[in-house]
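Structure data (mmCIF, C-alpha atoms) from target29.cif:
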```
data_run
loop_
_atom_site.label_atom_id
_atom_site.label_comp_id
_atom_site.auth_asym_id
_atom_site.auth_seq_id
_atom_site.Cartn_x
_atom_site.Cartn_y
_atom_site.Cartn_z
CA MET A 24 0.00 0.00 0.00
CA ARG A 25 1.26 3.46 -0.88
CA SER A 26 0.37 6.02 1.74
CA TRP A 27 0.48 9.79 1.97
CA VAL A 28 -0.66 12.37 4.47
CA ALA A 29 -2.02 15.75 3.47
CA GLY A 30 -2.04 18.60 5.93
CA ALA A 31 -4.16 21.69 6.25
CA ALA A 32 -2.51 23.67 3.52
CA VAL A 33 -3.10 20.91 0.96
CA VAL A 34 -6.48 19.59 1.95
CA ALA A 35 -8.24 22.69 3.23
CA GLY A 36 -9.23 23.49 -0.33
CA LEU A 37 -11.50 20.45 -0.37
CA ALA A 38 -13.99 22.42 1.71
CA ALA A 39 -14.40 26.16 1.49
CA PRO A 40 -13.86 28.14 4.72
CA LEU A 41 -17.10 29.30 6.30
CA SER A 42 -17.14 32.84 7.64
CA MET A 43 -20.15 33.73 9.71
CA ALA A 44 -21.43 36.34 12.12
CA ALA A 45 -24.21 35.55 14.55
CA PRO A 46 -26.88 37.76 12.90
CA ALA A 47 -26.16 36.26 9.47
CA ALA A 48 -25.87 32.60 10.49
CA ALA A 49 -29.12 31.57 8.81
CA GLN A 50 -28.36 27.85 8.91
CA SER A 51 -27.60 27.74 12.61
CA GLY A 52 -29.93 28.70 15.43
CA THR A 53 -32.82 27.04 17.23
CA PHE A 54 -35.07 24.95 15.02
CA VAL A 55 -38.04 22.65 15.54
CA PHE A 56 -38.27 19.48 13.46
CA VAL A 57 -41.82 18.20 12.82
CA ALA A 58 -42.61 14.77 11.36
CA ASN A 59 -45.64 15.09 9.04
CA GLN A 60 -47.15 11.61 8.95
CA GLY A 61 -49.61 12.44 6.19
CA SER A 62 -47.12 14.21 3.91
CA ASP A 63 -44.03 11.98 4.27
CA THR A 64 -42.01 15.06 5.14
CA VAL A 65 -40.28 16.83 7.99
CA SER A 66 -40.97 20.55 8.42
CA VAL A 67 -38.21 22.71 9.90
CA ILE A 68 -39.44 25.72 11.89
CA ASP A 69 -37.11 28.62 12.69
CA THR A 70 -38.06 29.59 16.24
CA SER A 71 -36.84 33.17 15.79
CA THR A 72 -39.54 33.82 13.18
CA ASN A 73 -41.90 30.85 13.66
CA THR A 74 -41.83 30.19 9.94
CA VAL A 75 -41.13 26.98 8.07
CA VAL A 76 -37.67 27.36 6.52
CA GLY A 77 -37.28 23.85 5.14
CA THR A 78 -39.26 20.77 4.10
CA ILE A 79 -37.43 17.43 3.94
CA ASN A 80 -38.75 14.35 2.13
CA VAL A 81 -38.36 11.21 4.23
CA GLY A 82 -40.03 7.76 4.25
CA ASP A 83 -43.65 6.65 4.38
CA GLY A 84 -45.52 7.83 7.49
CA PRO A 85 -42.86 9.71 9.50
CA ASN A 86 -43.76 9.54 13.14
CA GLY A 87 -41.05 10.13 15.73
CA VAL A 88 -38.12 12.58 15.78
CA ALA A 89 -34.98 12.55 17.94
CA ILE A 90 -31.92 14.82 17.82
CA SER A 91 -28.36 13.69 18.52
CA PRO A 92 -26.64 15.26 21.56
CA ASP A 93 -24.29 17.23 19.29
CA ARG A 94 -27.37 18.38 17.32
CA THR A 95 -25.84 17.50 13.95
CA ARG A 96 -28.29 14.68 13.18
CA ALA A 97 -32.07 14.22 13.36
CA TYR A 98 -33.42 10.66 13.36
CA VAL A 99 -36.95 10.15 12.00
CA SER A 100 -38.92 6.93 12.32
CA ASN A 101 -41.01 6.12 9.24
CA LEU A 102 -43.96 4.17 10.63
CA LEU A 103 -45.28 2.70 7.36
CA ALA A 104 -41.91 2.13 5.70
CA GLY A 105 -40.20 0.31 8.55
CA THR A 106 -37.18 2.61 8.29
CA VAL A 107 -35.35 5.43 10.06
CA SER A 108 -34.21 8.47 8.07
CA VAL A 109 -31.02 10.23 9.18
CA ILE A 110 -30.99 13.97 8.51
CA ASN A 111 -28.01 16.32 8.58
CA THR A 112 -29.50 19.18 10.60
CA PHE A 113 -27.22 21.78 9.01
CA THR A 114 -27.74 20.89 5.35
CA ARG A 115 -31.24 19.45 5.95
CA ALA A 116 -30.44 16.52 3.69
CA VAL A 117 -31.22 12.84 4.32
CA VAL A 118 -27.81 11.17 4.60
CA ALA A 119 -28.92 7.59 5.35
CA THR A 120 -32.00 5.37 5.53
CA ILE A 121 -31.91 2.40 7.92
CA ASP A 122 -34.19 -0.65 7.88
CA VAL A 123 -35.62 -1.58 11.29
CA ASP A 124 -38.60 -3.73 12.40
CA ASP A 125 -42.29 -3.16 11.66
CA ALA A 126 -43.98 0.15 12.51
CA PRO A 127 -41.14 2.13 14.12
CA ASN A 128 -42.64 4.73 16.41
CA GLY A 129 -40.82 6.72 19.10
CA LEU A 130 -37.03 6.77 19.23
CA ALA A 131 -34.23 8.32 21.27
CA VAL A 132 -30.47 8.83 21.06
CA THR A 133 -28.19 7.72 23.90
CA PRO A 134 -26.65 10.58 25.91
CA ASP A 135 -23.22 9.82 24.41
CA GLY A 136 -24.66 9.88 20.88
CA SER A 137 -23.39 6.43 19.99
CA ARG A 138 -26.71 4.63 19.51
CA VAL A 139 -30.36 5.18 18.63
CA TYR A 140 -33.06 3.02 20.23
CA VAL A 141 -36.23 2.65 18.12
CA ALA A 142 -39.55 1.31 19.44
CA ASN A 143 -41.13 -0.93 16.78
CA GLU A 144 -44.83 -1.00 17.60
CA SER A 145 -45.98 -3.93 15.47
CA SER A 146 -42.96 -6.12 16.21
CA GLY A 147 -42.83 -5.70 19.98
CA THR A 148 -39.13 -4.92 19.70
CA VAL A 149 -36.55 -2.17 20.02
CA SER A 150 -33.93 -1.80 17.28
CA VAL A 151 -30.50 -0.52 18.34
CA ILE A 152 -28.72 1.56 15.69
CA ASP A 153 -24.99 2.30 15.73
CA THR A 154 -24.75 5.98 14.77
CA THR A 155 -21.26 5.63 13.31
CA THR A 156 -22.17 2.91 10.81
CA ASN A 157 -25.94 3.58 10.60
CA THR A 158 -26.63 -0.14 11.01
CA VAL A 159 -28.80 -2.12 13.41
CA THR A 160 -26.55 -3.94 15.88
CA ALA A 161 -29.18 -5.46 18.20
CA THR A 162 -32.92 -6.17 18.40
CA ILE A 163 -34.53 -6.41 21.85
CA THR A 164 -37.94 -7.96 22.59
CA VAL A 165 -39.68 -5.67 25.08
CA GLY A 166 -43.48 -6.16 25.21
CA GLY A 167 -46.76 -5.43 23.48
CA SER A 168 -46.85 -2.44 21.12
CA PRO A 169 -43.83 -0.40 22.26
CA VAL A 170 -44.29 3.24 21.27
CA ASP A 171 -41.68 5.48 22.90
CA VAL A 172 -38.16 5.48 24.35
CA ALA A 173 -36.27 7.63 26.87
CA PHE A 174 -32.89 7.31 28.60
CA SER A 175 -31.56 7.79 32.09
CA LEU A 176 -29.11 10.68 32.32
CA ASN A 177 -26.11 8.36 32.47
CA GLY A 178 -27.41 6.29 29.57
CA ASN A 179 -27.27 3.03 31.54
CA SER A 180 -31.03 2.46 31.27
CA ALA A 181 -33.51 2.83 28.42
CA TYR A 182 -37.21 3.12 29.25
CA VAL A 183 -39.77 1.83 26.74
CA SER A 184 -43.52 2.39 26.98
CA ASN A 185 -45.43 -0.76 25.98
CA ALA A 186 -48.91 0.45 25.02
CA GLY A 187 -50.23 -3.09 24.58
CA SER A 188 -48.81 -4.42 27.84
CA GLY A 189 -49.64 -1.51 30.12
CA ASN A 190 -46.09 -1.23 31.40
CA VAL A 191 -42.68 0.36 30.95
CA ALA A 192 -39.77 -1.95 30.13
CA VAL A 193 -36.36 -1.06 31.55
CA ILE A 194 -33.41 -2.03 29.34
CA ASN A 195 -29.84 -2.37 30.57
CA THR A 196 -28.04 -0.64 27.69
CA ALA A 197 -24.73 -2.44 28.39
CA SER A 198 -26.24 -5.89 27.82
CA ASN A 199 -29.32 -4.80 25.81
CA THR A 200 -31.58 -6.94 27.99
CA VAL A 201 -34.82 -6.09 29.77
CA THR A 202 -34.16 -6.08 33.51
CA THR A 203 -37.67 -5.27 34.77
CA THR A 204 -41.11 -4.04 33.73
CA ILE A 205 -43.13 -1.44 35.63
CA PRO A 206 -46.97 -1.56 35.46
CA VAL A 207 -48.41 1.91 34.88
CA GLY A 208 -51.97 1.56 33.52
CA THR A 209 -53.81 1.19 30.24
CA THR A 210 -51.97 2.34 27.11
CA PRO A 211 -48.80 4.14 28.17
CA ILE A 212 -47.56 6.30 25.30
CA GLY A 213 -45.10 9.20 25.62
CA LEU A 214 -42.48 9.36 28.33
CA ALA A 215 -39.72 11.71 29.49
CA VAL A 216 -37.03 11.73 32.15
CA SER A 217 -36.86 14.82 34.36
CA PRO A 218 -33.83 17.10 33.88
CA ASP A 219 -32.37 15.98 37.23
CA GLY A 220 -32.82 12.35 36.24
CA THR A 221 -34.79 11.30 39.32
CA LYS A 222 -38.26 10.92 37.80
CA LEU A 223 -39.78 9.34 34.69
CA TYR A 224 -43.13 10.78 33.61
CA VAL A 225 -45.35 8.49 31.52
CA ALA A 226 -48.48 9.67 29.69
CA VAL A 227 -50.99 6.84 30.16
CA GLN A 228 -53.56 7.55 27.48
CA ASP A 229 -56.57 5.39 28.33
CA SER A 230 -56.15 5.81 32.08
CA ASP A 231 -56.17 9.64 31.75
CA LEU A 232 -53.13 10.10 33.98
CA VAL A 233 -49.41 10.68 34.07
CA ALA A 234 -47.57 8.02 36.04
CA VAL A 235 -44.53 9.20 38.01
CA ILE A 236 -41.75 6.63 38.31
CA ASP A 237 -38.79 6.93 40.69
CA THR A 238 -35.80 6.06 38.48
CA GLY A 239 -33.78 4.94 41.49
CA THR A 240 -36.25 2.25 42.54
CA ASN A 241 -38.21 1.73 39.30
CA THR A 242 -41.48 2.08 41.18
CA VAL A 243 -44.54 4.27 40.61
CA THR A 244 -44.66 6.96 43.30
CA ASN A 245 -47.67 8.93 42.07
CA ASN A 246 -50.41 9.09 39.47
CA ILE A 247 -51.30 12.60 38.31
CA PRO A 248 -54.91 12.81 37.03
CA ILE A 249 -55.28 14.65 33.71
CA PRO A 250 -58.54 16.64 33.67
CA THR A 251 -59.08 16.26 29.93
CA VAL A 252 -58.86 13.00 27.99
CA ASP A 253 -56.13 10.87 26.45
CA PRO A 254 -52.74 12.28 27.51
CA ARG A 255 -50.35 11.44 24.72
CA ASP A 256 -46.86 12.86 25.29
CA VAL A 257 -44.69 14.61 27.92
CA ALA A 258 -41.97 17.26 27.78
CA PHE A 259 -40.21 18.99 30.68
CA THR A 260 -38.91 22.54 30.77
CA PRO A 261 -35.10 22.53 31.11
CA ASN A 262 -35.31 23.67 34.74
CA GLY A 263 -37.70 20.81 35.52
CA ALA A 264 -40.35 23.09 37.02
CA LYS A 265 -43.09 22.24 34.53
CA ALA A 266 -44.16 19.38 32.31
CA TYR A 267 -46.39 19.83 29.25
CA VAL A 268 -48.83 17.05 28.30
CA PRO A 269 -50.85 17.15 25.05
CA ASP A 270 -54.30 15.61 25.44
CA LEU A 271 -55.40 13.87 22.27
CA GLY A 272 -59.09 14.77 22.60
CA ASN A 273 -60.88 17.03 20.14
CA PRO A 274 -60.90 20.01 20.63
CA GLY A 275 -57.39 19.62 21.97
CA ASN A 276 -55.77 20.78 25.17
CA VAL A 277 -52.36 20.79 26.79
CA SER A 278 -52.16 20.13 30.53
CA VAL A 279 -49.41 21.89 32.48
CA ILE A 280 -48.01 20.02 35.48
CA ASN A 281 -46.28 21.74 38.38
CA THR A 282 -43.60 19.13 39.08
CA ALA A 283 -43.01 20.30 42.67
CA THR A 284 -46.60 19.55 43.66
CA GLU A 285 -47.25 16.99 40.91
CA THR A 286 -50.58 18.59 40.06
CA VAL A 287 -52.09 20.07 36.90
CA THR A 288 -52.14 23.84 37.36
CA THR A 289 -53.65 24.95 34.06
CA THR A 290 -55.03 23.69 30.78
CA ILE A 291 -54.22 25.41 27.48
CA SER A 292 -56.55 25.18 24.50
CA VAL A 293 -54.80 24.34 21.21
CA ASN A 294 -56.05 22.88 17.91
CA ASN A 295 -57.46 19.47 17.03
CA ASN A 296 -55.83 16.29 18.32
CA PRO A 297 -52.52 17.45 19.81
CA VAL A 298 -50.13 14.49 19.94
CA GLY A 299 -46.53 15.64 20.34
CA VAL A 300 -44.67 18.29 22.33
CA ALA A 301 -41.13 19.67 22.54
CA VAL A 302 -39.71 22.49 24.64
CA THR A 303 -37.00 24.76 23.24
CA PRO A 304 -33.52 24.47 24.82
CA ASP A 305 -33.92 27.84 26.53
CA GLY A 306 -37.26 26.75 28.00
CA ALA A 307 -39.13 29.76 26.62
CA PHE A 308 -41.59 27.95 24.34
CA ALA A 309 -43.35 24.62 23.92
CA TYR A 310 -44.22 23.44 20.40
CA VAL A 311 -47.29 21.17 20.13
CA THR A 312 -48.23 19.21 17.00
CA ASN A 313 -51.95 19.18 16.18
CA PHE A 314 -52.55 16.02 14.15
CA LEU A 315 -55.88 16.83 12.50
CA SER A 316 -55.27 20.56 12.10
CA GLY A 317 -52.00 20.30 10.18
CA ASN A 318 -50.29 22.87 12.36
CA VAL A 319 -48.15 23.48 15.43
CA SER A 320 -49.22 25.56 18.43
CA VAL A 321 -46.49 27.67 20.04
CA ILE A 322 -46.93 28.11 23.80
CA ASN A 323 -45.17 30.77 25.86
CA THR A 324 -44.06 28.83 28.94
CA THR A 325 -44.07 31.93 31.17
CA SER A 326 -47.67 32.92 30.51
CA ASP A 327 -48.85 29.45 29.39
CA THR A 328 -50.69 30.96 26.45
CA VAL A 329 -50.60 30.19 22.73
CA THR A 330 -48.66 32.96 20.99
CA THR A 331 -48.97 31.75 17.39
CA THR A 332 -49.81 28.77 15.21
CA VAL A 333 -47.51 27.53 12.45
CA GLY A 334 -48.85 25.61 9.46
CA VAL A 335 -46.80 22.54 8.55
CA GLY A 336 -47.54 19.36 6.56
CA GLY A 337 -50.35 16.85 6.81
CA ASN A 338 -50.92 15.10 10.14
CA PRO A 339 -47.94 16.41 12.13
CA PHE A 340 -46.93 13.95 14.82
CA GLY A 341 -43.48 13.76 16.41
CA VAL A 342 -41.54 16.92 17.20
CA ALA A 343 -38.09 17.86 18.51
CA ALA A 344 -36.31 21.16 19.17
CA ALA A 345 -32.58 21.83 19.05
CA GLU A 346 -29.99 24.56 18.68
CA VAL A 347 -28.40 23.55 15.39
CA PRO A 348 -24.68 24.29 14.95
CA ALA A 349 -23.10 25.62 11.78
CA SER A 350 -21.03 22.99 9.99
CA SER A 351 -18.35 22.53 7.34
CA THR A 352 -16.64 19.39 6.09
CA ALA A 353 -13.32 18.41 4.48
CA GLN A 354 -13.62 15.24 2.38
CA CYS A 355 -10.89 12.73 1.51
CA PRO A 356 -10.45 12.33 -2.26
CA PRO A 357 -11.62 9.12 -3.99
CA GLY A 358 -9.34 6.15 -3.40
CA SER A 359 -8.18 7.30 0.00
CA VAL A 360 -9.33 6.86 3.58
CA LEU A 361 -9.45 9.21 6.54
CA THR A 362 -6.64 8.68 9.06
CA GLY A 363 -6.95 11.93 10.99
CA GLY A 364 -7.90 15.55 10.73
CA GLY A 365 -8.62 18.77 12.54
CA HIS A 366 -9.49 22.40 11.99
CA GLU A 367 -8.18 25.92 11.74
CA ILE A 368 -10.19 28.69 13.38
CA SER A 369 -9.90 32.45 13.75
CA GLY A 370 -12.05 34.96 15.56
CA PRO A 371 -13.70 34.89 19.00
CA PRO A 372 -14.23 31.50 20.64
CA PRO A 373 -17.54 29.89 19.64
CA SER A 374 -20.03 29.14 22.39
CA ASP A 375 -20.13 25.46 21.41
CA PHE A 376 -17.78 23.54 19.16
CA THR A 377 -17.13 20.03 17.86
CA SER A 378 -14.54 18.65 15.46
CA LYS A 379 -14.75 14.98 14.56
CA PRO A 380 -14.42 12.32 11.83
CA VAL A 381 -17.61 11.34 10.01
CA GLY A 382 -16.98 8.50 7.57
CA ASP A 383 -14.23 9.60 5.19
CA SER A 384 -14.59 13.28 6.02
CA TRP A 385 -13.71 15.56 8.89
CA GLN A 386 -16.59 17.66 10.15
CA VAL A 387 -16.47 20.87 12.17
CA SER A 388 -19.62 22.27 13.81
CA LEU A 389 -20.08 25.33 15.98
CA VAL A 390 -22.61 27.65 17.53
CA ASN A 391 -21.56 31.30 17.45
CA GLU A 392 -23.34 33.71 19.78
CA SER A 393 -20.94 36.65 19.34
CA ASP A 394 -21.38 39.57 16.96
CA GLU A 395 -17.97 39.02 15.38
CA ASP A 396 -17.10 36.83 12.43
CA ILE A 397 -15.67 33.38 13.03
CA THR A 398 -13.80 31.70 10.18
CA PHE A 399 -13.10 28.00 10.37
CA THR A 400 -11.61 25.49 7.94
CA PRO A 401 -11.61 21.74 8.53
CA TYR A 402 -8.82 19.60 7.11
CA ALA A 403 -8.63 15.86 6.59
CA VAL A 404 -5.51 13.70 6.79
CA CYS A 405 -5.89 10.95 4.22
CA ALA A 406 -4.04 7.77 3.22
CA ASP A 407 -3.94 6.48 -0.34
CA ASN A 408 -5.41 2.99 -0.78
CA THR A 409 -3.80 2.26 -4.14
CA PRO A 410 -0.89 -0.26 -4.38
#
```

What is this structure when it is put down as structure tokens?
Amino acid sequence: MRSWVAGAAVVAGLAAPLSMAAPAAAQSGTFVFVANQGSDTVSVIDTSTNTVVGTINVGDGPNGVAISPDRTRAYVSNLLAGTVSVINTFTRAVVATIDVDDAPNGLAVTPDGSRVYVANESSGTVSVIDTTTNTVTATITVGGSPVDVAFSLNGNSAYVSNAGSGNVAVINTASNTVTTTIPVGTTPIGLAVSPDGTKLYVAVQDSDLVAVIDTGTNTVTNNIPIPTVDPRDVAFTPNGAKAYVPDLGNPGNVSVINTATETVTTTISVNNNPVGVAVTPDGAFAYVTNFLSGNVSVINTTSDTVTTTVGVGGNPFGVAAAEVPASSTAQCPPGSVLTGGGHEISGPPPSDFTSKPVGDSWQVSLVNESDEDITFTPYAVCADNTP
């Protein structure tokens, strides 16, 4: 094998430098990704304007959405296609499609970003996807009609709501085995772990309650009655003070739980059949998908009032919010493989920054909150594969 190594001066030209100032960084910022089950698309909402700035074609019947911890990838379960679409959040392009089991529903990414766990409703299984290779590395039998997944803060446990079994399965993520099941009531659907990691909230649709599970003991410590019908999903504010619960009934409502008292303090009227909810990283707004109305209600979490409604695609379902970093990539030329890489950067330090290998390219991503330009250039160190 003949090998060579190219440094920054040689390889930087493979990807143009990206110069950006915070006000002009149109591709980075806080965005909401909405899976439109009836349109086979994902709508991207810019939270600064509450307008749809992108529409991404995915598979048949997109249902759940999850964002990687570094916010560079969105994973979308395609319920009717039996696949998961992988979206580059910066370019808004589908970069991979992964076959899983039947009727993939909710999904979540491990806290370290290495794996995606997908609840396959018709198969009674969870598919485990390696995010580096975009392949399924394990399939776990969990229970009847699994519909959603959440992780403990340390990533050691995955929680899966089994709508058909009336329980939550707890998976040891080291061995990918179910260690226990927790009965919660009839038709558990959405679930979320509190920001401090001590509680798991489970929306139990046909029991009209939210079950509260102590993650240390895996026992139910409280059942919070929901005054309207069919609670469907749960999302906490980042400070853990509130939880928002869409109630599937028509006309639709969102129940707001005070987590200190574990009581519903108010009910917010939205549009028809709200099913999904996500809170922005700064905690200022909750975005609720209204399945039959084809739109998303935006709730101010301080006043708990709807401030606007954003039209999206048909039958919006899953939703996720993330601060998307800017990104640039240096690619190894054909016939060579990536052996290393890095970046060159000038300007004020970015507020968040990653530099890492992705396949045969080296990717740099950053969030810039300053008013000054930041210029960065990734470079790849490549080895020639030819004899």

* Give as a list of chain:residue names the set of residues within 6 Å of the point (-36.0, 5.0, 28.4), where distances use the file's coordinates and only C-alpha atoms. => A:Val172, A:Ala173, A:Phe174, A:Ala181, A:Tyr182, A:Val183

* Using only C-alpha atoms: which of A:Ser320, A:Thr240, A:Asn111, A:Thr70 has the shortest distance to A:Val300 ->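 Closest to A:Val300 of all the choices is A:Ser320.
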
Run the PyMOL selection byres ((chain A and resi 99) around 7) on the file and write out the hits as a PDB file with C-alpha atoms, in the coordinates of the input.
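Saved file result-v4.pdb follows:
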```pdb
ATOM      1  CA  PRO A  85     -42.860   9.710   9.500  1.00  0.00           C
ATOM      2  CA  ASN A  86     -43.760   9.540  13.140  1.00  0.00           C
ATOM      3  CA  GLY A  87     -41.050  10.130  15.730  1.00  0.00           C
ATOM      4  CA  VAL A  88     -38.120  12.580  15.780  1.00  0.00           C
ATOM      5  CA  ALA A  89     -34.980  12.550  17.940  1.00  0.00           C
ATOM      6  CA  ALA A  97     -32.070  14.220  13.360  1.00  0.00           C
ATOM      7  CA  TYR A  98     -33.420  10.660  13.360  1.00  0.00           C
ATOM      8  CA  SER A 100     -38.920   6.930  12.320  1.00  0.00           C
ATOM      9  CA  ASN A 101     -41.010   6.120   9.240  1.00  0.00           C
ATOM     10  CA  VAL A 107     -35.350   5.430  10.060  1.00  0.00           C
ATOM     11  CA  SER A 108     -34.210   8.470   8.070  1.00  0.00           C
ATOM     12  CA  VAL A 109     -31.020  10.230   9.180  1.00  0.00           C
TER      13      VAL A 109
END
```

* **Long-range neighbours of A:Tyr267 as a VMD selection string, 8 Å cut-off, all atoms listed in the file, 5 positions minimum in chain** => chain A and resid 257 to 259 277 to 280 300 309

* To do: Report as number ranges by chain the residues that result from applying the PyMOL selection byres ((chain A and resi 256) around 7) to the structure here.
  => A: 212-214, 226, 254-255, 257, 268-269, 298-300

* Asked: So how far away is atom CA of A:Gly334 from atom CA of A:Asp229, in Å?
  ->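 For atom CA of A:Asp229 relative to atom CA of A:Gly334, the distance reads 28.7 Å.
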
* Take the PyMOL selection byres ((chain A and resi 161) around 8), apply it to the structure above, and return the hits as number ranges by chain. => A: 150-152, 159-160, 162-163, 199

Selection: 12 Å around A:Asn296, all atoms listed in the file, excl. self and same-chain fewer than 4 positions, as a compact mmCIF listing (two decimals) with C-alpha atoms, keeping the file's coordinate frame:
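Written out: around_35.txt:
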```txt
# COMPACT_ATOMS: atom_id res chain seq x y z
CA VAL A 252 -58.86 13.00 27.99
CA ASP A 253 -56.13 10.87 26.45
CA PRO A 254 -52.74 12.28 27.51
CA ARG A 255 -50.35 11.44 24.72
CA ASP A 256 -46.86 12.86 25.29
CA PRO A 269 -50.85 17.15 25.05
CA ASP A 270 -54.30 15.61 25.44
CA LEU A 271 -55.40 13.87 22.27
CA GLY A 272 -59.09 14.77 22.60
CA ASN A 273 -60.88 17.03 20.14
CA PRO A 274 -60.90 20.01 20.63
CA GLY A 275 -57.39 19.62 21.97
CA ASN A 276 -55.77 20.78 25.17
CA VAL A 277 -52.36 20.79 26.79
CA SER A 292 -56.55 25.18 24.50
CA VAL A 311 -47.29 21.17 20.13
CA THR A 312 -48.23 19.21 17.00
CA ASN A 313 -51.95 19.18 16.18
CA PHE A 314 -52.55 16.02 14.15
CA LEU A 315 -55.88 16.83 12.50
CA SER A 316 -55.27 20.56 12.10
CA GLY A 317 -52.00 20.30 10.18
CA ASN A 318 -50.29 22.87 12.36
CA VAL A 319 -48.15 23.48 15.43
CA SER A 320 -49.22 25.56 18.43
CA ASN A 338 -50.92 15.10 10.14
CA PRO A 339 -47.94 16.41 12.13
CA PHE A 340 -46.93 13.95 14.82
```

Could you model N, CA, C and O atoms for stretch 285-297 of chain A and present them as a compact mmCIF listing (two decimals), keeping the file's coordinate frame?
```txt
# COMPACT_ATOMS: atom_id res chain seq x y z
N GLU A 285 -46.72 18.07 41.74
CA GLU A 285 -47.25 16.99 40.91
C GLU A 285 -48.76 17.10 40.74
O GLU A 285 -49.53 16.16 40.96
N THR A 286 -49.17 18.31 40.34
CA THR A 286 -50.58 18.59 40.06
C THR A 286 -50.68 19.39 38.77
O THR A 286 -49.75 20.12 38.39
N VAL A 287 -51.81 19.26 38.08
CA VAL A 287 -52.09 20.07 36.90
C VAL A 287 -52.55 21.44 37.36
O VAL A 287 -53.52 21.57 38.11
N THR A 288 -51.83 22.48 36.90
CA THR A 288 -52.14 23.84 37.36
C THR A 288 -52.95 24.63 36.34
O THR A 288 -53.63 25.59 36.72
N THR A 289 -52.87 24.25 35.08
CA THR A 289 -53.65 24.95 34.06
C THR A 289 -53.81 24.06 32.85
O THR A 289 -53.08 23.08 32.65
N THR A 290 -54.79 24.40 32.03
CA THR A 290 -55.03 23.69 30.78
C THR A 290 -55.09 24.72 29.65
O THR A 290 -55.79 25.72 29.76
N ILE A 291 -54.34 24.46 28.59
CA ILE A 291 -54.22 25.41 27.48
C ILE A 291 -54.95 24.83 26.26
O ILE A 291 -54.68 23.70 25.85
N SER A 292 -55.83 25.61 25.69
CA SER A 292 -56.55 25.18 24.50
C SER A 292 -55.67 25.36 23.26
O SER A 292 -55.11 26.44 23.03
N VAL A 293 -55.54 24.27 22.46
CA VAL A 293 -54.80 24.34 21.21
C VAL A 293 -55.72 23.91 20.08
O VAL A 293 -56.93 24.10 20.16
N ASN A 294 -55.21 23.31 19.02
CA ASN A 294 -56.05 22.88 17.91
C ASN A 294 -56.40 21.40 18.03
O ASN A 294 -56.18 20.78 19.08
N ASN A 295 -56.88 20.81 16.95
CA ASN A 295 -57.46 19.47 17.03
C ASN A 295 -56.41 18.36 17.15
O ASN A 295 -55.47 18.29 16.37
N ASN A 296 -56.62 17.50 18.11
CA ASN A 296 -55.83 16.29 18.32
C ASN A 296 -54.34 16.54 18.49
O ASN A 296 -53.51 16.06 17.70
N PRO A 297 -53.95 17.27 19.54
CA PRO A 297 -52.52 17.45 19.81
C PRO A 297 -51.89 16.12 20.24
O PRO A 297 -52.45 15.41 21.07
```
